[in-house]
$ cat coords17.cif   # mmCIF, N, CA and C atoms
data_start
loop_
_atom_site.label_atom_id
_atom_site.label_comp_id
_atom_site.auth_asym_id
_atom_site.auth_seq_id
_atom_site.Cartn_x
_atom_site.Cartn_y
_atom_site.Cartn_z
N MET A 1 209.09 20.68 72.33
CA MET A 1 208.33 21.75 71.71
C MET A 1 208.77 23.11 72.23
N ALA A 2 209.41 23.16 73.37
CA ALA A 2 209.79 24.43 73.98
C ALA A 2 210.72 25.23 73.09
N ASP A 3 211.70 24.57 72.44
CA ASP A 3 212.61 25.29 71.58
C ASP A 3 211.92 25.82 70.33
N SER A 4 211.02 25.04 69.76
CA SER A 4 210.32 25.52 68.58
C SER A 4 209.41 26.69 68.93
N GLU A 5 208.94 26.70 70.18
CA GLU A 5 208.11 27.83 70.60
C GLU A 5 208.92 29.11 70.67
N ALA A 6 210.25 28.98 70.85
CA ALA A 6 211.11 30.16 70.83
C ALA A 6 211.16 30.76 69.42
N LEU A 7 211.08 29.91 68.41
CA LEU A 7 211.09 30.37 67.02
C LEU A 7 209.71 30.83 66.57
N ILE A 8 208.69 30.13 67.01
CA ILE A 8 207.33 30.43 66.56
C ILE A 8 206.47 30.75 67.78
N THR A 9 205.93 31.93 67.77
CA THR A 9 204.99 32.33 68.82
C THR A 9 203.60 32.45 68.19
N PRO A 10 202.57 32.39 69.00
CA PRO A 10 201.23 32.57 68.45
C PRO A 10 201.09 33.92 67.73
N LYS A 11 201.73 34.93 68.25
CA LYS A 11 201.66 36.26 67.62
C LYS A 11 202.31 36.25 66.24
N LEU A 12 203.47 35.59 66.12
CA LEU A 12 204.14 35.48 64.82
C LEU A 12 203.28 34.69 63.84
N LEU A 13 202.73 33.56 64.29
CA LEU A 13 201.88 32.75 63.42
C LEU A 13 200.67 33.54 62.94
N ASP A 14 200.05 34.29 63.86
CA ASP A 14 198.89 35.10 63.48
C ASP A 14 199.28 36.16 62.45
N ALA A 15 200.43 36.80 62.65
CA ALA A 15 200.88 37.84 61.71
C ALA A 15 201.17 37.25 60.33
N LEU A 16 201.86 36.11 60.30
CA LEU A 16 202.17 35.47 59.02
C LEU A 16 200.90 34.98 58.33
N TYR A 17 199.99 34.42 59.11
CA TYR A 17 198.72 33.94 58.54
C TYR A 17 197.92 35.10 57.96
N THR A 18 197.86 36.20 58.69
CA THR A 18 197.15 37.38 58.19
C THR A 18 197.79 37.89 56.91
N GLU A 19 199.11 37.95 56.90
CA GLU A 19 199.82 38.39 55.70
C GLU A 19 199.49 37.49 54.51
N ALA A 20 199.50 36.18 54.73
CA ALA A 20 199.21 35.24 53.65
C ALA A 20 197.78 35.38 53.14
N MET A 21 196.84 35.55 54.06
CA MET A 21 195.44 35.69 53.65
C MET A 21 195.19 37.01 52.91
N VAL A 22 195.80 38.09 53.37
CA VAL A 22 195.64 39.38 52.70
C VAL A 22 196.25 39.30 51.30
N LEU A 23 197.42 38.69 51.19
CA LEU A 23 198.06 38.55 49.89
C LEU A 23 197.23 37.66 48.96
N ALA A 24 196.67 36.59 49.49
CA ALA A 24 195.82 35.72 48.68
C ALA A 24 194.60 36.49 48.17
N ASP A 25 194.03 37.33 49.02
CA ASP A 25 192.87 38.13 48.61
C ASP A 25 193.26 39.16 47.55
N GLU A 26 194.42 39.79 47.73
CA GLU A 26 194.90 40.76 46.73
C GLU A 26 195.15 40.07 45.39
N ALA A 27 195.77 38.89 45.45
CA ALA A 27 196.06 38.15 44.22
C ALA A 27 194.76 37.76 43.52
N ARG A 28 193.82 37.21 44.28
CA ARG A 28 192.54 36.81 43.69
C ARG A 28 191.86 38.00 43.04
N SER A 29 191.83 39.11 43.74
CA SER A 29 191.19 40.32 43.22
C SER A 29 191.85 40.78 41.92
N TYR A 30 193.18 40.78 41.91
CA TYR A 30 193.89 41.21 40.70
C TYR A 30 193.67 40.22 39.56
N PHE A 31 193.78 38.92 39.85
CA PHE A 31 193.63 37.92 38.80
C PHE A 31 192.24 37.97 38.17
N GLU A 32 191.23 38.22 38.98
CA GLU A 32 189.86 38.24 38.47
C GLU A 32 189.48 39.57 37.82
N SER A 33 190.24 40.62 38.08
CA SER A 33 189.85 41.97 37.64
C SER A 33 189.98 42.21 36.14
N GLY A 34 190.90 41.51 35.49
CA GLY A 34 191.14 41.77 34.08
C GLY A 34 192.10 42.93 33.84
N ARG A 35 192.61 43.54 34.91
CA ARG A 35 193.53 44.67 34.74
C ARG A 35 194.79 44.27 33.99
N PHE A 36 195.25 43.04 34.23
CA PHE A 36 196.46 42.59 33.54
C PHE A 36 196.26 42.66 32.03
N ASN A 37 195.17 42.11 31.54
CA ASN A 37 194.92 42.11 30.09
C ASN A 37 194.74 43.53 29.56
N ASP A 38 194.13 44.40 30.35
CA ASP A 38 193.96 45.79 29.93
C ASP A 38 195.31 46.50 29.79
N GLU A 39 196.27 46.13 30.63
CA GLU A 39 197.57 46.80 30.62
C GLU A 39 198.55 46.16 29.64
N CYS A 40 198.21 45.02 29.07
CA CYS A 40 199.13 44.30 28.17
C CYS A 40 198.50 44.03 26.81
N LEU A 41 197.78 44.97 26.30
CA LEU A 41 197.08 44.77 25.03
C LEU A 41 198.01 44.55 23.85
N ASP A 42 199.23 45.08 23.89
CA ASP A 42 200.13 45.01 22.75
C ASP A 42 200.94 43.72 22.65
N ASP A 43 200.86 42.83 23.61
CA ASP A 43 201.63 41.58 23.57
C ASP A 43 200.70 40.40 23.85
N ALA A 44 200.46 39.59 22.82
CA ALA A 44 199.52 38.47 22.93
C ALA A 44 200.09 37.29 23.71
N THR A 45 201.40 37.24 23.89
CA THR A 45 202.00 36.10 24.60
C THR A 45 201.98 36.29 26.12
N LEU A 46 201.91 37.52 26.59
CA LEU A 46 201.96 37.76 28.03
C LEU A 46 200.77 37.18 28.81
N PRO A 47 199.56 37.23 28.28
CA PRO A 47 198.45 36.64 29.05
C PRO A 47 198.63 35.15 29.34
N VAL A 48 199.24 34.42 28.42
CA VAL A 48 199.50 32.99 28.65
C VAL A 48 200.54 32.84 29.77
N ALA A 49 201.60 33.64 29.69
CA ALA A 49 202.63 33.60 30.74
C ALA A 49 202.04 34.01 32.08
N PHE A 50 201.15 34.98 32.05
CA PHE A 50 200.52 35.44 33.29
C PHE A 50 199.64 34.35 33.89
N SER A 51 198.95 33.59 33.05
CA SER A 51 198.13 32.48 33.55
C SER A 51 199.00 31.47 34.29
N CYS A 52 200.15 31.17 33.71
CA CYS A 52 201.08 30.24 34.37
C CYS A 52 201.57 30.81 35.70
N GLU A 53 201.94 32.08 35.70
CA GLU A 53 202.44 32.70 36.93
C GLU A 53 201.34 32.82 37.98
N SER A 54 200.11 33.06 37.56
CA SER A 54 199.03 33.17 38.54
C SER A 54 198.77 31.82 39.20
N LEU A 55 198.94 30.72 38.46
CA LEU A 55 198.82 29.40 39.06
C LEU A 55 199.94 29.15 40.06
N LYS A 56 201.14 29.61 39.74
CA LYS A 56 202.26 29.46 40.67
C LYS A 56 202.01 30.25 41.95
N VAL A 57 201.49 31.47 41.81
CA VAL A 57 201.20 32.30 42.97
C VAL A 57 200.14 31.63 43.84
N THR A 58 199.08 31.14 43.22
CA THR A 58 198.00 30.50 43.95
C THR A 58 198.51 29.27 44.69
N THR A 59 199.28 28.44 44.02
CA THR A 59 199.84 27.24 44.64
C THR A 59 200.75 27.62 45.81
N ARG A 60 201.60 28.58 45.57
CA ARG A 60 202.54 29.04 46.60
C ARG A 60 201.79 29.52 47.84
N LEU A 61 200.78 30.34 47.64
CA LEU A 61 200.03 30.89 48.77
C LEU A 61 199.21 29.82 49.49
N MET A 62 198.66 28.86 48.76
CA MET A 62 197.91 27.80 49.41
C MET A 62 198.83 26.92 50.25
N HIS A 63 200.05 26.67 49.77
CA HIS A 63 201.02 25.94 50.58
C HIS A 63 201.36 26.73 51.85
N CYS A 64 201.54 28.02 51.71
CA CYS A 64 201.85 28.87 52.87
C CYS A 64 200.72 28.81 53.89
N ILE A 65 199.51 28.99 53.43
CA ILE A 65 198.35 29.01 54.32
C ILE A 65 198.17 27.66 55.01
N ALA A 66 198.29 26.58 54.25
CA ALA A 66 198.15 25.24 54.84
C ALA A 66 199.23 25.00 55.90
N TRP A 67 200.47 25.37 55.61
CA TRP A 67 201.55 25.17 56.56
C TRP A 67 201.33 26.01 57.82
N LEU A 68 200.89 27.24 57.64
CA LEU A 68 200.65 28.11 58.79
C LEU A 68 199.50 27.58 59.65
N LEU A 69 198.43 27.12 59.02
CA LEU A 69 197.33 26.53 59.79
C LEU A 69 197.80 25.31 60.56
N ASN A 70 198.63 24.50 59.93
CA ASN A 70 199.18 23.33 60.62
C ASN A 70 200.04 23.75 61.80
N GLN A 71 200.87 24.77 61.62
CA GLN A 71 201.72 25.24 62.71
C GLN A 71 200.88 25.80 63.85
N LYS A 72 199.80 26.50 63.50
CA LYS A 72 198.91 27.03 64.54
C LYS A 72 198.30 25.87 65.34
N ALA A 73 197.89 24.82 64.66
CA ALA A 73 197.32 23.65 65.35
C ALA A 73 198.38 22.96 66.20
N LEU A 74 199.57 22.82 65.64
CA LEU A 74 200.66 22.15 66.34
C LEU A 74 201.06 22.91 67.60
N HIS A 75 201.21 24.20 67.49
CA HIS A 75 201.65 25.02 68.62
C HIS A 75 200.50 25.42 69.54
N GLY A 76 199.30 25.18 69.11
CA GLY A 76 198.14 25.45 69.95
C GLY A 76 197.66 24.19 70.64
N ASP A 77 198.46 23.13 70.59
CA ASP A 77 198.15 21.84 71.21
C ASP A 77 196.82 21.26 70.74
N GLU A 78 196.51 21.49 69.46
CA GLU A 78 195.28 20.93 68.88
C GLU A 78 195.53 19.56 68.24
N LEU A 79 196.81 19.16 68.17
CA LEU A 79 197.15 17.86 67.59
C LEU A 79 197.67 16.94 68.69
N ASN A 80 197.33 15.66 68.59
CA ASN A 80 197.90 14.70 69.55
C ASN A 80 199.34 14.38 69.14
N GLU A 81 200.07 13.66 69.99
CA GLU A 81 201.49 13.38 69.74
C GLU A 81 201.70 12.68 68.39
N GLY A 82 200.84 11.72 68.07
CA GLY A 82 200.97 11.01 66.80
C GLY A 82 200.80 11.92 65.60
N GLU A 83 199.82 12.79 65.66
CA GLU A 83 199.60 13.73 64.58
C GLU A 83 200.74 14.75 64.49
N ALA A 84 201.27 15.16 65.61
CA ALA A 84 202.35 16.15 65.63
C ALA A 84 203.62 15.61 64.99
N TRP A 85 203.84 14.32 65.07
CA TRP A 85 205.06 13.73 64.51
C TRP A 85 204.93 13.38 63.03
N ASN A 86 203.79 13.61 62.45
CA ASN A 86 203.55 13.28 61.05
C ASN A 86 204.33 14.26 60.17
N HIS A 87 205.30 13.73 59.43
CA HIS A 87 206.15 14.59 58.60
C HIS A 87 205.51 14.98 57.28
N ASN A 88 204.29 14.55 57.04
CA ASN A 88 203.57 14.99 55.84
C ASN A 88 203.04 16.40 56.00
N ARG A 89 203.36 17.03 57.11
CA ARG A 89 202.89 18.38 57.39
C ARG A 89 203.92 19.43 57.01
N GLU A 90 204.87 19.07 56.15
CA GLU A 90 205.91 19.99 55.72
C GLU A 90 205.34 21.00 54.74
N LEU A 91 206.06 22.09 54.59
CA LEU A 91 205.70 23.10 53.59
C LEU A 91 205.87 22.48 52.22
N GLY A 92 204.82 22.51 51.42
CA GLY A 92 204.85 21.86 50.10
C GLY A 92 205.77 22.55 49.12
N TYR A 93 206.02 21.88 48.02
CA TYR A 93 206.86 22.43 46.95
C TYR A 93 206.05 23.41 46.12
N ALA A 94 206.66 24.52 45.77
CA ALA A 94 206.04 25.49 44.87
C ALA A 94 207.10 25.98 43.90
N ALA A 95 206.81 25.92 42.63
CA ALA A 95 207.77 26.35 41.60
C ALA A 95 208.04 27.85 41.70
N ALA A 96 209.28 28.20 41.44
CA ALA A 96 209.66 29.61 41.43
C ALA A 96 209.11 30.28 40.18
N SER A 97 208.92 31.56 40.27
CA SER A 97 208.45 32.31 39.11
C SER A 97 209.60 32.55 38.14
N ASP A 98 209.24 32.81 36.90
CA ASP A 98 210.22 33.08 35.85
C ASP A 98 210.53 34.58 35.85
N GLY A 99 211.64 34.95 36.52
CA GLY A 99 212.00 36.35 36.71
C GLY A 99 211.99 37.21 35.47
N PRO A 100 212.64 36.79 34.37
CA PRO A 100 212.64 37.62 33.16
C PRO A 100 211.24 37.83 32.57
N VAL A 101 210.40 36.83 32.68
CA VAL A 101 209.02 36.98 32.18
C VAL A 101 208.23 37.90 33.09
N VAL A 102 208.37 37.71 34.40
CA VAL A 102 207.65 38.55 35.36
C VAL A 102 208.04 40.01 35.20
N ALA A 103 209.28 40.27 34.84
CA ALA A 103 209.76 41.64 34.64
C ALA A 103 209.00 42.36 33.51
N LEU A 104 208.36 41.60 32.62
CA LEU A 104 207.58 42.19 31.53
C LEU A 104 206.15 42.54 31.95
N PHE A 105 205.74 42.08 33.13
CA PHE A 105 204.38 42.29 33.61
C PHE A 105 204.21 43.70 34.17
N PRO A 106 202.96 44.15 34.26
CA PRO A 106 202.70 45.43 34.93
C PRO A 106 203.16 45.40 36.38
N GLU A 107 203.44 46.55 36.94
CA GLU A 107 203.99 46.68 38.29
C GLU A 107 203.16 45.96 39.35
N GLU A 108 201.84 46.10 39.29
CA GLU A 108 201.00 45.46 40.31
C GLU A 108 201.13 43.94 40.28
N ALA A 109 201.18 43.37 39.09
CA ALA A 109 201.35 41.91 38.96
C ALA A 109 202.71 41.50 39.51
N GLN A 110 203.75 42.25 39.20
CA GLN A 110 205.09 41.96 39.71
C GLN A 110 205.11 41.99 41.24
N GLN A 111 204.46 42.98 41.82
CA GLN A 111 204.45 43.11 43.28
C GLN A 111 203.79 41.90 43.94
N ILE A 112 202.67 41.46 43.40
CA ILE A 112 201.96 40.31 43.96
C ILE A 112 202.81 39.04 43.84
N ILE A 113 203.38 38.84 42.67
CA ILE A 113 204.20 37.64 42.44
C ILE A 113 205.41 37.65 43.36
N ASN A 114 206.10 38.78 43.42
CA ASN A 114 207.31 38.88 44.27
C ASN A 114 206.97 38.74 45.75
N ALA A 115 205.86 39.30 46.18
CA ALA A 115 205.45 39.19 47.59
C ALA A 115 205.14 37.73 47.94
N SER A 116 204.51 37.00 47.02
CA SER A 116 204.19 35.59 47.30
C SER A 116 205.47 34.77 47.39
N GLU A 117 206.44 35.05 46.53
CA GLU A 117 207.71 34.33 46.60
C GLU A 117 208.46 34.66 47.88
N GLU A 118 208.46 35.91 48.26
CA GLU A 118 209.17 36.33 49.46
C GLU A 118 208.56 35.69 50.70
N LEU A 119 207.24 35.66 50.79
CA LEU A 119 206.58 35.01 51.93
C LEU A 119 206.91 33.52 51.95
N PHE A 120 206.82 32.87 50.82
CA PHE A 120 207.12 31.44 50.74
C PHE A 120 208.56 31.17 51.18
N GLN A 121 209.50 31.99 50.72
CA GLN A 121 210.91 31.80 51.10
C GLN A 121 211.12 32.01 52.60
N ARG A 122 210.44 32.98 53.19
CA ARG A 122 210.56 33.17 54.64
C ARG A 122 210.05 31.94 55.39
N LEU A 123 208.91 31.40 54.93
CA LEU A 123 208.37 30.21 55.59
C LEU A 123 209.26 29.00 55.38
N GLN A 124 209.90 28.91 54.21
CA GLN A 124 210.86 27.82 53.98
C GLN A 124 212.00 27.91 54.98
N ARG A 125 212.55 29.10 55.17
CA ARG A 125 213.65 29.27 56.12
C ARG A 125 213.21 28.90 57.54
N LEU A 126 212.02 29.33 57.91
CA LEU A 126 211.49 29.01 59.24
C LEU A 126 211.28 27.51 59.39
N SER A 127 210.74 26.90 58.37
CA SER A 127 210.50 25.46 58.39
C SER A 127 211.81 24.69 58.53
N ILE A 128 212.83 25.12 57.82
CA ILE A 128 214.14 24.47 57.89
C ILE A 128 214.72 24.61 59.30
N ARG A 129 214.60 25.78 59.88
CA ARG A 129 215.10 25.98 61.25
C ARG A 129 214.35 25.10 62.24
N LEU A 130 213.04 24.97 62.06
CA LEU A 130 212.26 24.11 62.95
C LEU A 130 212.68 22.65 62.79
N GLU A 131 212.87 22.21 61.56
CA GLU A 131 213.30 20.83 61.32
C GLU A 131 214.68 20.59 61.93
N TYR A 132 215.57 21.56 61.80
CA TYR A 132 216.91 21.42 62.36
C TYR A 132 216.83 21.30 63.89
N GLN A 133 216.00 22.11 64.52
CA GLN A 133 215.84 22.02 65.97
C GLN A 133 215.31 20.67 66.38
N GLU A 134 214.40 20.13 65.58
CA GLU A 134 213.82 18.83 65.89
C GLU A 134 214.88 17.73 65.80
N ILE A 135 215.82 17.89 64.86
CA ILE A 135 216.91 16.91 64.72
C ILE A 135 217.87 17.04 65.89
N VAL A 136 218.21 18.28 66.25
CA VAL A 136 219.15 18.52 67.34
C VAL A 136 218.56 18.05 68.66
N GLU A 137 217.29 18.33 68.89
CA GLU A 137 216.62 17.91 70.12
C GLU A 137 215.28 17.30 69.76
N PRO A 138 215.28 15.99 69.45
CA PRO A 138 214.03 15.33 69.08
C PRO A 138 212.98 15.47 70.18
N PRO A 139 211.71 15.39 69.81
CA PRO A 139 210.62 15.53 70.77
C PRO A 139 210.72 14.60 71.97
N VAL A 140 211.28 13.40 71.79
CA VAL A 140 211.40 12.46 72.90
C VAL A 140 212.32 13.04 73.97
N HIS A 141 213.42 13.64 73.55
CA HIS A 141 214.34 14.26 74.52
C HIS A 141 213.66 15.42 75.24
N ASP A 142 212.86 16.15 74.52
CA ASP A 142 212.13 17.26 75.13
C ASP A 142 211.15 16.74 76.18
N MET A 143 210.51 15.62 75.90
CA MET A 143 209.58 15.04 76.88
C MET A 143 210.33 14.60 78.13
N PHE A 144 211.49 13.96 77.95
CA PHE A 144 212.30 13.55 79.11
C PHE A 144 212.74 14.75 79.93
N ARG A 145 213.15 15.82 79.24
CA ARG A 145 213.58 17.02 79.94
C ARG A 145 212.43 17.62 80.75
N ARG A 146 211.24 17.66 80.17
CA ARG A 146 210.08 18.18 80.88
C ARG A 146 209.72 17.32 82.08
N LEU A 147 209.83 15.98 81.93
CA LEU A 147 209.55 15.09 83.05
C LEU A 147 210.55 15.29 84.18
N GLN A 148 211.81 15.46 83.83
CA GLN A 148 212.84 15.66 84.86
C GLN A 148 212.61 16.95 85.62
N THR A 149 212.19 17.99 84.95
CA THR A 149 211.97 19.26 85.65
C THR A 149 210.69 19.24 86.47
N SER A 150 209.82 18.28 86.20
CA SER A 150 208.57 18.18 86.97
C SER A 150 208.75 17.54 88.33
N PHE A 151 209.84 16.78 88.50
CA PHE A 151 210.03 16.05 89.75
C PHE A 151 211.10 16.69 90.59
#
$ encode --input "coords17.cif" --output "structure tokens"
Amino acid sequence: MADSEALITPKLLDALYTEAMVLADEARSYFESGRFNDECLDDATLPVAFSCESLKVTTRLMHCIAWLLNQKALHGDELNEGEAWNHNRELGYAAASDGPVVALFPEEAQQIINASEELFQRLQRLSIRLEYQEIVEPPVHDMFRRLQTSF
């Protein structure tokens, strides 16, 4: 776990979690406000596309939040060894947004969608690096190394 702690610190996890929660709140507020429909009165097809994109954003952000909460538990020693090795704790799949369609949306909607994708992609990269470290130095080797330094 020592190497993964070099990649993930409690401060980083807190910052990413705060970012995800703030973005989720902004998205919820925008989706519920009706501003999108007010700004797109001349195109009847955009609200349907926006509904699809809002579901993608919500799914993406929920995957981010769940993964971050899991990482906080894992790095905060809230999970036992068996739970920590459970690979079902990976960052879930989230469909990418349709760039050309999103480009037709109002600026605020584009910003929320793009921010959710950017956050998700950063967490994907972090998750991949963590998985790679685990392959290079499996937890069992880390335990042996810690035992050796204790004696």
$ atom_distance --input "coords17.cif" --atom1 "CA of Glu78 in chain A" --atom2 "CA of Glu118 in chain A"
28.4 Å
$ atom_distance --input "coords17.cif" --atom1 "CA of Ile113 in chain A" --atom2 "CA of Lys72 in chain A"
25.1 Å
$ atom_distance --input "coords17.cif" --atom1 "CA of Ser29 in chain A" --atom2 "CA of Ser54 in chain A"
11.6 Å
$ resolve_selection --input "coords17.cif" --expression "the PyMOL selection byres ((chain A and resi 103-106) around 8)" --output "PyMOL selection string"
chain A and resi 36+39-40+46+50+98-102+107-111
$ closest_residue --input "coords17.cif" --among "A:Tyr30, A:Phe120, A:Trp67, A:Tyr17" --to "Ala96 in chain A" --atoms "only C-alpha atoms"
A:Phe120
$ closest_residue --input "coords17.cif" --among "A:Cys64, A:Asp77, A:Leu123, A:Thr58" --to "Glu26 in chain A" --atoms "only C-alpha atoms"
A:Thr58
$ select_by_dssp --input "coords17.cif" --residues "range 59-117 of chain A" --states "alpha helix (DSSP H)" --output "ChimeraX atom specification"
/A:59-75,81-84,99-102,107-117
$ axis_aligned_box --input "coords17.cif" --around "range 95-113 of chain A" --padding-each-side "6 Å" --output "lines of an AutoDock Vina configuration file"
center_x = 206.8
center_y = 36.3
center_z = 37.7
size_x = 23.6
size_y = 32.8
size_z = 24.4
$ closest_residue --input "coords17.cif" --among "A:Ala95, A:Leu119, A:Ile112, A:Leu7" --to "Ala20 in chain A" --atoms "all atoms listed in the file"
A:Leu119
$ closest_residue --input "coords17.cif" --among "A:Cys52, A:Ala115, A:Ile65, A:Leu91" --to "Ser127 in chain A" --atoms "only C-alpha atoms"
A:Leu91
$ closest_residue --input "coords17.cif" --among "A:Phe31, A:Leu23, A:Lys56, A:His75" --to "Thr9 in chain A" --atoms "only N, CA and C atoms"
A:His75
